[in-house]
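Pasted below: upload_21.cif, mmCIF, C-alpha atoms.
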data_input
#
loop_
_atom_site.label_atom_id
_atom_site.label_comp_id
_atom_site.auth_asym_id
_atom_site.auth_seq_id
_atom_site.Cartn_x
_atom_site.Cartn_y
_atom_site.Cartn_z
CA MET R 191 108.49 175.75 19.31
CA THR R 192 109.93 176.02 15.80
CA GLN R 193 113.30 177.46 14.90
CA GLU R 194 115.19 177.79 11.63
CA ARG R 195 118.97 177.69 11.35
CA GLU R 196 121.10 178.41 8.31
CA ILE R 197 124.29 176.57 7.41
CA ARG R 198 126.66 176.79 4.43
CA ILE R 199 128.28 173.66 3.07
CA GLU R 200 130.69 173.85 0.15
CA GLY R 201 129.38 177.30 -0.78
CA THR R 202 125.66 176.41 -0.73
CA GLY R 203 123.26 177.65 1.92
CA TYR R 204 120.77 175.30 3.57
CA THR R 205 117.93 175.87 6.01
CA VAL R 206 117.31 173.43 8.82
CA VAL R 207 113.98 173.50 10.64
CA ILE R 208 114.06 172.41 14.29
CA SER R 209 110.69 171.82 15.92
CA ASP R 210 108.67 169.88 18.45
CA GLU R 211 105.57 170.33 16.25
CA LYS R 212 104.71 167.63 13.74
CA GLU R 213 102.93 170.02 11.36
CA ALA R 214 105.92 172.36 11.21
CA LEU R 215 108.22 169.42 10.48
CA LEU R 216 105.88 168.15 7.76
CA ALA R 217 105.65 171.59 6.14
CA ALA R 218 109.43 171.99 6.19
CA LYS R 219 109.93 168.52 4.72
CA ARG R 220 107.43 169.29 1.93
CA ALA R 221 109.38 172.50 1.22
CA GLY R 222 112.55 170.44 0.79
CA LYS R 223 114.24 171.58 3.99
CA ALA R 224 116.25 169.43 6.37
CA VAL R 225 114.47 168.85 9.67
CA ILE R 226 115.39 167.98 13.24
CA GLY R 227 112.75 166.97 15.76
CA LEU R 228 113.04 168.45 19.23
CA GLN R 229 112.09 165.80 21.78
CA ASP R 230 112.07 168.08 24.82
CA ARG R 231 109.18 166.25 26.49
CA GLU R 232 107.56 162.80 26.38
CA GLY R 233 104.87 161.70 23.96
CA LEU R 234 105.71 163.88 20.95
CA ASP R 235 105.05 162.52 17.46
CA LEU R 236 108.01 163.74 15.42
CA TRP R 237 107.56 161.25 12.57
CA PRO R 238 108.90 163.27 9.62
CA ALA R 239 112.22 163.88 11.41
CA SER R 240 115.02 161.40 10.78
CA TYR R 241 117.09 163.19 13.42
CA VAL R 242 115.94 164.13 16.91
CA ALA R 243 117.65 166.12 19.67
CA GLU R 244 116.62 166.47 23.31
CA SER R 245 117.67 170.12 23.60
CA LEU R 246 118.67 173.04 21.40
CA LYS R 247 122.03 172.94 23.21
CA ASP R 248 122.64 169.52 21.58
CA ILE R 249 122.43 170.99 18.07
CA ASP R 250 125.82 172.44 17.21
CA ALA R 251 127.28 173.29 13.79
CA ALA R 252 128.76 169.80 13.31
CA TYR R 253 125.38 168.17 13.99
CA LEU R 254 123.62 170.57 11.62
CA GLU R 255 126.14 169.77 8.91
CA GLN R 256 125.63 166.02 9.30
CA VAL R 257 121.85 166.38 9.12
CA VAL R 258 122.06 168.56 6.00
CA ARG R 259 124.62 166.30 4.32
CA ARG R 260 122.35 163.28 4.84
CA HIS R 261 119.30 165.25 3.67
CA ALA R 262 121.06 166.60 0.55
CA GLY R 263 122.84 163.36 -0.32
CA LEU R 264 126.28 164.84 0.36
CA PRO R 265 128.90 162.50 1.81
CA TRP R 266 129.88 162.97 5.42
CA ARG R 267 133.50 163.93 5.91
CA ILE R 268 134.78 161.40 8.41
CA GLY R 269 138.29 162.74 8.88
CA GLU R 270 141.44 163.91 7.24
CA THR R 271 145.08 162.89 7.47
CA ARG R 272 148.15 164.48 5.96
CA ARG R 273 147.60 162.66 2.64
CA LEU R 274 144.02 161.33 2.74
CA LEU R 275 140.46 162.56 2.96
CA ILE R 276 138.23 159.94 4.60
CA ARG R 277 134.61 160.41 3.55
CA GLU R 278 131.48 158.46 2.83
CA PHE R 279 131.27 156.95 -0.64
CA GLN R 280 129.25 158.66 -3.37
CA ALA R 281 127.51 156.67 -6.12
CA GLU R 282 129.83 158.08 -8.77
CA ASP R 283 132.84 156.61 -6.92
CA ALA R 284 131.91 153.23 -8.41
CA GLY R 285 133.78 154.20 -11.57
CA GLN R 286 137.04 154.46 -9.60
CA VAL R 287 136.77 151.14 -7.74
CA PRO R 288 139.01 148.60 -9.47
CA ARG R 289 138.08 144.92 -9.68
CA GLU R 290 140.90 142.91 -8.19
CA GLY R 291 141.46 139.16 -8.20
CA THR R 292 141.17 138.88 -4.43
CA ASP R 293 137.81 140.67 -4.23
CA THR R 294 135.00 139.00 -2.35
CA GLN R 295 131.25 139.10 -2.93
CA GLU R 296 131.04 142.01 -0.48
CA ASP R 297 133.46 144.02 -2.65
CA ALA R 298 131.02 143.83 -5.59
CA VAL R 299 128.75 146.34 -3.80
CA PHE R 300 131.22 149.06 -4.81
CA TYR R 301 131.35 148.17 -8.56
CA THR R 302 128.17 149.86 -9.84
CA GLU R 303 126.43 153.13 -9.05
CA GLU R 304 123.18 151.26 -8.42
CA SER R 305 124.56 148.87 -5.80
CA LEU R 306 126.74 151.56 -4.24
CA SER R 307 123.69 153.86 -3.97
CA ARG R 308 121.83 151.13 -2.08
CA TYR R 309 124.83 150.66 0.24
CA ILE R 310 124.98 154.42 0.90
CA ARG R 311 121.26 154.67 1.61
CA CYS R 312 121.01 151.59 3.81
CA GLN R 313 124.41 151.36 5.52
CA TYR R 314 125.14 155.03 6.16
CA GLY R 315 121.49 156.00 6.46
CA PHE R 316 120.75 153.41 9.13
CA TYR R 317 124.05 152.73 10.93
CA GLU R 318 125.90 155.98 10.12
CA TYR R 319 129.12 154.02 9.70
CA GLY R 320 130.52 151.52 7.24
CA LEU R 321 133.38 151.39 4.78
CA TRP R 322 134.46 154.86 3.74
CA ALA R 323 136.29 156.18 0.70
CA LEU R 324 139.98 156.99 1.07
CA VAL R 325 140.69 159.84 -1.32
CA GLU R 326 144.28 160.78 -2.09
CA LYS R 327 144.36 164.53 -1.45
CA GLU R 328 147.13 165.25 -3.94
CA THR R 329 145.32 163.66 -6.92
CA GLY R 330 141.66 163.48 -5.81
CA ARG R 331 141.69 159.79 -6.78
CA LEU R 332 140.14 156.97 -4.77
CA ALA R 333 143.01 155.03 -3.17
CA GLY R 334 140.96 152.48 -1.23
CA LYS R 335 138.38 152.03 1.46
CA ALA R 336 138.49 151.65 5.22
CA GLY R 337 136.09 151.78 8.10
CA ILE R 338 133.93 149.85 10.49
CA VAL R 339 132.03 146.72 9.51
CA ARG R 340 129.66 144.39 11.35
CA THR R 341 130.42 140.71 11.11
CA SER R 342 128.69 137.67 12.53
CA TYR R 343 130.44 134.63 13.89
CA GLY R 344 129.30 131.49 15.63
CA ARG R 345 129.75 131.21 19.37
CA GLU R 346 133.30 131.20 20.61
CA PRO R 347 134.49 128.37 22.86
CA TRP R 348 134.80 130.65 25.87
CA GLU R 349 131.17 131.83 25.71
CA ASP R 350 129.15 130.64 28.67
CA GLU R 351 126.63 127.82 28.26
CA ALA R 352 123.59 130.08 28.81
CA ALA R 353 124.64 132.35 25.96
CA GLU R 354 125.43 129.31 23.82
CA ALA R 355 121.98 127.85 24.43
CA ASP R 356 120.12 130.66 22.66
CA GLY R 357 121.59 129.60 19.30
CA ASN R 358 122.24 133.16 18.09
CA ASP R 359 125.47 134.13 16.41
CA LEU R 360 127.55 136.89 17.94
CA LEU R 361 127.81 140.23 16.21
CA TYR R 362 131.19 141.92 16.14
CA ILE R 363 132.37 145.30 14.96
CA GLU R 364 135.64 145.16 13.05
CA LEU R 365 138.01 147.70 11.61
CA GLY R 366 138.71 146.89 7.98
CA TYR R 367 140.51 148.28 4.97
CA HIS R 368 141.29 147.60 1.31
CA ILE R 369 143.94 149.68 -0.41
CA PHE R 370 143.72 149.41 -4.18
CA ARG R 371 146.76 147.86 -5.90
CA PRO R 372 148.30 151.04 -7.40
CA TYR R 373 148.28 152.73 -3.97
CA ARG R 374 149.75 149.95 -1.84
CA ARG R 375 153.02 150.09 0.09
CA ARG R 376 152.66 153.82 0.82
CA GLY R 377 151.40 153.55 4.41
CA TYR R 378 147.86 154.63 3.52
CA ALA R 379 146.20 151.82 5.49
CA THR R 380 148.07 152.68 8.68
CA GLU R 381 147.42 156.40 8.20
CA ALA R 382 143.69 155.93 7.61
CA LEU R 383 143.13 153.38 10.38
CA ARG R 384 144.93 155.50 12.97
CA LYS R 385 142.64 158.42 12.12
CA ILE R 386 139.51 156.24 12.25
CA VAL R 387 140.48 154.83 15.65
CA GLU R 388 140.97 158.40 16.97
CA LEU R 389 137.38 159.27 16.09
#

The structure given in the file should be rewritten as structure tokens.
Amino acid sequence: MTQEREIRIEGTGYTVVISDEKEALLAAKRAGKAVIGLQDREGLDLWPASYVAESLKDIDAAYLEQVVRRHAGLPWRIGETRRLLIREFQAEDAGQVPREGTDTQEDAVFYTEESLSRYIRCQYGFYEYGLWALVEKETGRLAGKAGIVRTSYGREPWEDEAAEADGNDLLYIELGYHIFRPYRRRGYATEALRKIVEL
């Protein structure tokens, strides 16, 4: 079964091919189309598809848009508040990220288009979350970043002995933010984090 669906994003039309047939997915990928594998039964080889759904009912407009945005290199729109657009970073955002005295080594990822492109490809492409751009709607300027980050810590004292014995660090998910100096003391962090928690 192969089906094509059309979607418009920011005025541009895109075709998405949905199929449970490897050859159809390969042909669509070669033609530059976004693809979704349909895993409606066991044992299917849907290799060219980065996204897979179990049923056509699972593929709504929001899902199609996410697949196309990832395929076309367009940032996902995470959410919107009264004053902020929360979206994935784009490589060209690097030019708007200020270097501040309190920055850590992790902040340096956002300084150049090359390192930011790697972050976008690896972090968003694999985990589909990370630190997102906070864009001031009134000016279109980057006001900061906020989102979800993975951190690793050693075992906590309350962890049981069996868990402690394996020697692995614990992985945590944290909510984080960094509002750039010119945009501080305006309530942007609270506004953005409330929206992210709602998602």

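When the PyMOL selection byres ((chain R and resi 287) around 9) is evaluated on the file shown here, the picked residues come out as Asp283, Ala284, Gly285, Gln286, Pro288, Arg289, Phe300, Tyr301, Thr302, Leu332, Ala333, Gly334 and Phe370 of chain R.
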
- Message: Can you spell out as a list in words the set of residues that the PyMOL selection byres ((chain R and resi 243-245) around 9) selects in the structure I just provided?
- Response: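 Applying the PyMOL selection byres ((chain R and resi 243-245) around 9) to the structure shown produces Ile226, Gly227, Leu228, Gln229, Asp230, Arg231, Tyr241, Val242, Leu246, Lys247, Asp248 and Ile249 of chain R.
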
Quick one: write out the picked residues with C-alpha atoms as a compact mmCIF listing (two decimals), in the coordinates of the input?
# COMPACT_ATOMS: atom_id res chain seq x y z
CA ILE R 226 115.39 167.98 13.24
CA GLY R 227 112.75 166.97 15.76
CA LEU R 228 113.04 168.45 19.23
CA GLN R 229 112.09 165.80 21.78
CA ASP R 230 112.07 168.08 24.82
CA ARG R 231 109.18 166.25 26.49
CA TYR R 241 117.09 163.19 13.42
CA VAL R 242 115.94 164.13 16.91
CA LEU R 246 118.67 173.04 21.40
CA LYS R 247 122.03 172.94 23.21
CA ASP R 248 122.64 169.52 21.58
CA ILE R 249 122.43 170.99 18.07

- Do you know which residues the PyMOL selection byres ((chain R and resi 206-215) around 7) returns on this file, as a PyMOL selection string? chain R and resi 191-196+204-205+216-219+223-229+235-236+238-239

- Distance in Å - CA of Leu361 in chain R versus CA of Arg340 in chain R: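 Interatomic distance, CA of Leu361 in chain R to CA of Arg340 in chain R: 6.7 Å.
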
- Task: Calculate how many Å separate CA of Gly366 in chain R from CA of Gly320 in chain R, rounding to one decimal.
- Result: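 CA of Gly320 in chain R lies 9.4 Å from CA of Gly366 in chain R.
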
- Using all atoms listed in the file, pick whichever of R:Glu303, R:Glu318, R:Glu270, R:Asp293 has the shortest atom-to-atom distance to Gln256 in chain R.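 Once distances to Gln256 in chain R are computed over all atoms listed in the file, the minimum belongs to R:Glu318.
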
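In this structure, CA of Trp322 in chain R sits 8.0 Å away from CA of Ile268 in chain R.
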
- Query: Nearest to Ala281 in chain R: which of R:Ser307, R:Thr294, R:Thr329, R:Thr202 is it, counting all atoms listed in the file?
  - Reply: R:Ser307

- Item | Proximity to Val258 in chain R - best of R:Arg376, R:Arg198, R:Arg220, R:Arg272, only C-alpha atoms |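 Closest to Val258 in chain R of all the choices is R:Arg198.
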
- Shortest interatomic distance to Glu328 in chain R - which of R:Gln313, R:Gln295, R:Thr380, R:Thr271, counting all atoms listed in the file: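 That would be R:Thr271, the residue with the smallest distance to Glu328 in chain R.
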
Generate a file for range 371-387 of chain R, containing all heavy atoms, as a tab-separated table (two decimals), in the first residue's frame.
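Output (part34.tsv):
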chain	number	residue	atom	x	y	z
R	371	ARG	N	21.58	38.48	28.05
R	371	ARG	CA	21.65	39.66	28.92
R	371	ARG	C	20.68	40.80	28.53
R	371	ARG	O	19.97	41.31	29.39
R	371	ARG	CB	23.09	40.18	28.99
R	371	ARG	CG	23.30	41.21	30.07
R	371	ARG	CD	24.77	41.51	30.31
R	371	ARG	NE	25.57	40.32	30.57
R	371	ARG	CZ	25.63	39.66	31.73
R	371	ARG	NH1	24.91	40.08	32.75
R	371	ARG	NH2	26.39	38.59	31.87
R	372	PRO	N	20.61	41.22	27.28
R	372	PRO	CA	19.71	42.34	26.98
R	372	PRO	C	18.22	42.05	27.20
R	372	PRO	O	17.41	42.97	27.23
R	372	PRO	CB	19.96	42.63	25.50
R	372	PRO	CG	21.21	41.92	25.14
R	372	PRO	CD	21.37	40.79	26.11
R	373	TYR	N	17.86	40.77	27.34
R	373	TYR	CA	16.45	40.40	27.44
R	373	TYR	C	16.05	39.94	28.84
R	373	TYR	O	14.93	39.49	29.04
R	373	TYR	CB	16.15	39.29	26.42
R	373	TYR	CG	16.43	39.73	25.02
R	373	TYR	CD1	17.65	39.44	24.41
R	373	TYR	CD2	15.50	40.46	24.29
R	373	TYR	CE1	17.93	39.86	23.11
R	373	TYR	CE2	15.76	40.88	23.00
R	373	TYR	CZ	16.98	40.59	22.41
R	373	TYR	OH	17.24	41.02	21.14
R	374	ARG	N	16.94	40.06	29.78
R	374	ARG	CA	16.66	39.60	31.15
R	374	ARG	C	15.73	40.56	31.88
R	374	ARG	O	15.57	41.70	31.51
R	374	ARG	CB	17.97	39.43	31.92
R	374	ARG	CG	18.79	38.28	31.37
R	374	ARG	CD	20.08	38.09	32.13
R	374	ARG	NE	20.86	37.04	31.48
R	374	ARG	CZ	22.14	36.86	31.66
R	374	ARG	NH1	22.82	37.65	32.47
R	374	ARG	NH2	22.77	35.89	31.04
R	375	ARG	N	15.13	40.03	32.94
R	375	ARG	CA	14.25	40.77	33.84
R	375	ARG	C	12.96	41.24	33.13
R	375	ARG	O	12.41	42.27	33.44
R	375	ARG	CB	14.99	41.94	34.50
R	375	ARG	CG	16.27	41.50	35.19
R	375	ARG	CD	16.89	42.53	36.06
R	375	ARG	NE	16.12	42.83	37.25
R	375	ARG	CZ	15.98	42.05	38.32
R	375	ARG	NH1	16.55	40.87	38.35
R	375	ARG	NH2	15.28	42.43	39.35
R	376	ARG	N	12.52	40.43	32.17
R	376	ARG	CA	11.26	40.71	31.47
R	376	ARG	C	10.25	39.57	31.66
R	376	ARG	O	9.18	39.60	31.09
R	376	ARG	CB	11.51	40.89	29.98
R	376	ARG	CG	12.41	42.05	29.65
R	376	ARG	CD	12.54	42.21	28.15
R	376	ARG	NE	13.59	43.15	27.82
R	376	ARG	CZ	13.89	43.49	26.59
R	376	ARG	NH1	13.23	42.98	25.57
R	376	ARG	NH2	14.86	44.35	26.35
R	377	GLY	N	10.64	38.53	32.39
R	377	GLY	CA	9.75	37.39	32.61
R	377	GLY	C	9.75	36.38	31.48
R	377	GLY	O	8.90	35.48	31.43
R	378	TYR	N	10.72	36.47	30.56
R	378	TYR	CA	10.76	35.55	29.43
R	378	TYR	C	11.02	34.11	29.86
R	378	TYR	O	10.44	33.18	29.29
R	378	TYR	CB	11.82	35.97	28.42
R	378	TYR	CG	11.43	37.13	27.54
R	378	TYR	CD1	12.39	37.86	26.87
R	378	TYR	CD2	10.10	37.50	27.35
R	378	TYR	CE1	12.04	38.94	26.05
R	378	TYR	CE2	9.75	38.56	26.53
R	378	TYR	CZ	10.72	39.27	25.89
R	378	TYR	OH	10.38	40.31	25.06
R	379	ALA	N	11.89	33.90	30.84
R	379	ALA	CA	12.19	32.54	31.28
R	379	ALA	C	10.93	31.86	31.82
R	379	ALA	O	10.60	30.74	31.45
R	379	ALA	CB	13.30	32.54	32.33
R	380	THR	N	10.22	32.55	32.70
R	380	THR	CA	9.00	32.00	33.28
R	380	THR	C	7.97	31.71	32.19
R	380	THR	O	7.35	30.64	32.17
R	380	THR	CB	8.40	32.98	34.31
R	380	THR	OG1	9.40	33.24	35.31
R	380	THR	CG2	7.16	32.43	34.95
R	381	GLU	N	7.81	32.64	31.27
R	381	GLU	CA	6.83	32.49	30.18
R	381	GLU	C	7.17	31.27	29.32
R	381	GLU	O	6.30	30.47	29.00
R	381	GLU	CB	6.86	33.77	29.35
R	381	GLU	CG	5.76	33.92	28.35
R	381	GLU	CD	5.77	35.28	27.70
R	381	GLU	OE1	5.94	36.31	28.40
R	381	GLU	OE2	5.58	35.33	26.46
R	382	ALA	N	8.43	31.15	28.94
R	382	ALA	CA	8.85	30.04	28.07
R	382	ALA	C	8.75	28.70	28.80
R	382	ALA	O	8.23	27.72	28.24
R	382	ALA	CB	10.28	30.26	27.59
R	383	LEU	N	9.22	28.64	30.02
R	383	LEU	CA	9.23	27.37	30.75
R	383	LEU	C	7.80	26.89	31.06
R	383	LEU	O	7.54	25.69	30.99
R	383	LEU	CB	10.04	27.49	32.04
R	383	LEU	CG	11.55	27.71	31.80
R	383	LEU	CD1	12.27	27.92	33.12
R	383	LEU	CD2	12.18	26.58	31.02
R	384	ARG	N	6.91	27.80	31.35
R	384	ARG	CA	5.52	27.39	31.58
R	384	ARG	C	4.95	26.74	30.32
R	384	ARG	O	4.26	25.74	30.39
R	384	ARG	CB	4.66	28.60	31.97
R	384	ARG	CG	4.78	28.95	33.42
R	384	ARG	CD	3.75	29.96	33.83
R	384	ARG	NE	3.86	30.22	35.25
R	384	ARG	CZ	3.80	31.40	35.81
R	384	ARG	NH1	3.59	32.48	35.07
R	384	ARG	NH2	3.92	31.53	37.10
R	385	LYS	N	5.23	27.33	29.17
R	385	LYS	CA	4.73	26.78	27.91
R	385	LYS	C	5.35	25.40	27.64
R	385	LYS	O	4.65	24.46	27.24
R	385	LYS	CB	5.03	27.73	26.75
R	385	LYS	CG	4.47	27.26	25.44
R	385	LYS	CD	2.96	27.20	25.51
R	385	LYS	CE	2.35	26.77	24.20
R	385	LYS	NZ	0.88	26.72	24.28
R	386	ILE	N	6.65	25.27	27.87
R	386	ILE	CA	7.33	23.99	27.63
R	386	ILE	C	6.77	22.89	28.53
R	386	ILE	O	6.55	21.77	28.09
R	386	ILE	CB	8.85	24.15	27.79
R	386	ILE	CG1	9.40	25.02	26.64
R	386	ILE	CG2	9.55	22.80	27.84
R	386	ILE	CD1	10.82	25.51	26.85
R	387	VAL	N	6.51	23.22	29.78
R	387	VAL	CA	5.97	22.24	30.73
R	387	VAL	C	4.57	21.82	30.30
R	387	VAL	O	4.18	20.67	30.48
R	387	VAL	CB	5.98	22.80	32.17
R	387	VAL	CG1	5.16	21.95	33.11
R	387	VAL	CG2	7.41	22.90	32.67
